[in-house]
Amino acid sequence: MKARLSRLSIGSISVIAGVFALSGALVLSQCEHHATTGPDQYEDAAVVDTQLLAFLSLARAHHHEANLKEQAGDVSGAIDALEQIVSAPKPHAGTTIPEVEEVLADTYARIAELRLSRGDTDGAKQDVESGLVHATEPTYFRGHLLEVYGIIEEQRTAKLTDAGSTDEAAKARAHALSLLKQAVDIQEKVIGHVLDASSPTSAGDGGGASRWDSLPYERGRCWFGCSWARAGARPKLRARPRPARARPQPAGPRPPRAARITGTRT
Amino acid sequence: MAPSTAGQRPAPTPEIAGARGELDRAERQLSSSLGDCAAACRALASMERAADHLCALDAGAECSRARERVEAARERVRTSCGGCGR
């Protein structure tokens with residue numbers, strides 16, 4: 001119990017530290033950015049980051065929606081919710097943003113798992129292949145997609161065997177074994193990488209993710225262990241803190257609260 | 001409490017500034033190791049699932065090798081993180 005409580009408070013500290021660290025990073029990068037660009041590009045950068053945060057927030061909301069649908073047994077509804085993430089306009093179109101790529105890889109893996117739970121191996125296979133396009137490096141996300149792909153091929157092997165397609169079943173089985181072996185390889189490397197990076201004797205700052213754990217994408221995945229959390233592979237988030245604008249004050253006495261909400265004056 | 005002069009805070013002593021720096025560093029190390037353990041646990045869970053399915057398809061040498069690697073990874077995570085709390 002004590003250990004559990006300690007973990008909880010440590011987790012809270014981590015999140016709070018992340019919020020402060022991110023705020024600091026945003027202001028710092030704003031200063032760096034402002035020194036090398038004109039005001040127009042500067043304004044563009046602020047828009048890009050707002051879009052990125054909005055996309056991550058949208059992804060989080062749809063994953064929550066999918067959780068609720070899944071809990072209610074509505075697998076189709078859960079898939080629909082997740083498909084809104086992959087079909088949403090992407091921030092900074094035409095540019096590869098690691099956070100976005102990992103959200104997409106993660107979301108495709110989840111859609112594939114949901115389809116597989118309904119026995120839709122063909123649909124699941126398409127999703128996992130779409131996801132792999134967004135996870136080309138040996139990260140957790142690629143490993144997880146390969147794991148799901150291997151399970152899809154395992155189920156396809158069973159279907160083909162039942163249908164009497166022996167040759168096709170043998171091919172699917174060999175493919176499944178290859179994919180699952182690759183998944184084991186990648187996740188083994190990921191574990192080695194993250195634990196090496198966090199050892200006190202390693203170079204760099206420990207490869208931690210405290211700066212990123214305040215990003216609004218949940219599912220517990222992109223907060224830690226994403227490619228951007230690896231030393232030297234972090235994106236520069238840029239944002240411009242907007243100056244506080246003086247709100248025009250109406251002349252005369254302030255109306256009552258109810259009137260302010262409804263827009264009427266008494 | 002005595003009011004500060006002209007609303008200015010007194011500058012921290014070098015000892016306090018040093019202690020704050022130490023605290024910040026410790027906090028960063030703590031949060032990064034928590035993040036690394038969460039990532040390692042997630043990867044370990046995926047590795048275990050992949051090995052389970054691999055063994056369901058082929059209980060031979062590949063399965064044995066995969067199981068050994070999973071066990072080594074599990075031990076490594078246990079040593080570094082104290083387990084994954086499952």
# chains A, B, ... in the order shown; residues from 1 in each chain; ligands from 1
call {"tool": "select_by_dssp", "arguments": {"residues": "range 32-206 of chain A", "states": "helix (DSSP H, G or I)", "output": "PyMOL selection string"}}
result
chain A and resi 32-36+39-71+75-86+98-117+121-133+140-162+166-198
call {"tool": "residues_around", "arguments": {"residues": "Ser130 in chain A", "least_positions_apart": "2", "cutoff": "10 Å", "atoms": "only C-alpha atoms", "output": "list in words"}}
result
Val86, Leu104, Ala105, Tyr108, Ala109, Ala112, Ala124, Lys125, Gln126, Asp127, Val128, Leu132, Val133, His134, Ala135 and Leu145 of chain A
call {"tool": "closest_residue", "arguments": {"among": "B:Cys84, B:Ala17, B:Ala73, B:Leu23", "to": "chain A", "atoms": "only C-alpha atoms"}}
result
B:Ala73
call {"tool": "closest_atom_pairs", "arguments": {"of": "chain B", "to": "chain A", "cutoff": "9 Å", "atoms": "only C-alpha atoms", "output": "tab-separated table"}}
result
residue	atom	partner	partner_atom	distance
B:Glu27	CA	A:Ala17	CA	7.6
B:Arg28	CA	A:Ser210	CA	6.9
B:Gln29	CA	A:Gly206	CA	6.9
B:Leu30	CA	A:Ser14	CA	7.6
B:Ser31	CA	A:Ser14	CA	4.9
B:Ser32	CA	A:Gly208	CA	3.4
B:Ser33	CA	A:Ser198	CA	5.8
B:Leu34	CA	A:Gly11	CA	7.9
B:Gly35	CA	A:Phe224	CA	5.1
B:Asp36	CA	A:Val194	CA	5.5
B:Cys37	CA	A:Leu195	CA	7.4
B:Ala38	CA	A:Phe224	CA	6.7
B:Ala39	CA	A:Gly225	CA	4.6
B:Ala40	CA	A:Ile191	CA	4.8
B:Cys41	CA	A:Ile191	CA	8.0
B:Arg42	CA	A:Tyr140	CA	7.9
B:Ala43	CA	A:Gln187	CA	5.1
B:Leu44	CA	A:Gln187	CA	6.6
B:Ala45	CA	A:Gln187	CA	8.9
B:Ser46	CA	A:His144	CA	6.1
B:Met47	CA	A:Val184	CA	4.9
B:Glu48	CA	A:Val184	CA	7.8
B:Arg49	CA	A:Glu147	CA	7.5
B:Ala50	CA	A:Leu180	CA	5.2
B:Ala51	CA	A:Val184	CA	6.7
B:His53	CA	A:Ile151	CA	6.8
B:Leu54	CA	A:Leu177	CA	5.8
B:Cys55	CA	A:Leu177	CA	9.0
B:Ala56	CA	A:Glu154	CA	8.9
B:Leu57	CA	A:Leu177	CA	7.3
B:Asp58	CA	A:Leu177	CA	8.0
B:Glu62	CA	A:Lys181	CA	8.4
B:Ala66	CA	A:Val184	CA	7.2
B:Arg69	CA	A:Glu188	CA	7.7
B:Val70	CA	A:Glu188	CA	7.8
B:Ala73	CA	A:Glu188	CA	6.7
B:Arg76	CA	A:Leu195	CA	8.5
B:Val77	CA	A:Ile191	CA	7.8
B:Ser80	CA	A:Leu195	CA	7.2
B:Cys81	CA	A:Leu195	CA	9.0
call {"tool": "residues_around", "arguments": {"residues": "Ala66 in chain A", "least_positions_apart": "5", "cutoff": "9 Å", "atoms": "only C-alpha atoms", "output": "NGL selection string"}}
result
:A and (61 or 71 or 74-75 or 77-82)
call {"tool": "closest_residue", "arguments": {"among": "A:Gly94, A:Ile85, A:Ser165, A:Ala170", "to": "Glu65 in chain A", "atoms": "only C-alpha atoms"}}
result
A:Ile85
call {"tool": "atom_distance", "arguments": {"atom1": "CA of Ala11 in chain B", "atom2": "CA of Arg25 in chain B"}}
result
20.8 Å
call {"tool": "atom_distance", "arguments": {"atom1": "CA of Arg65 in chain B", "atom2": "CA of Thr136 in chain A"}}
result
25.4 Å
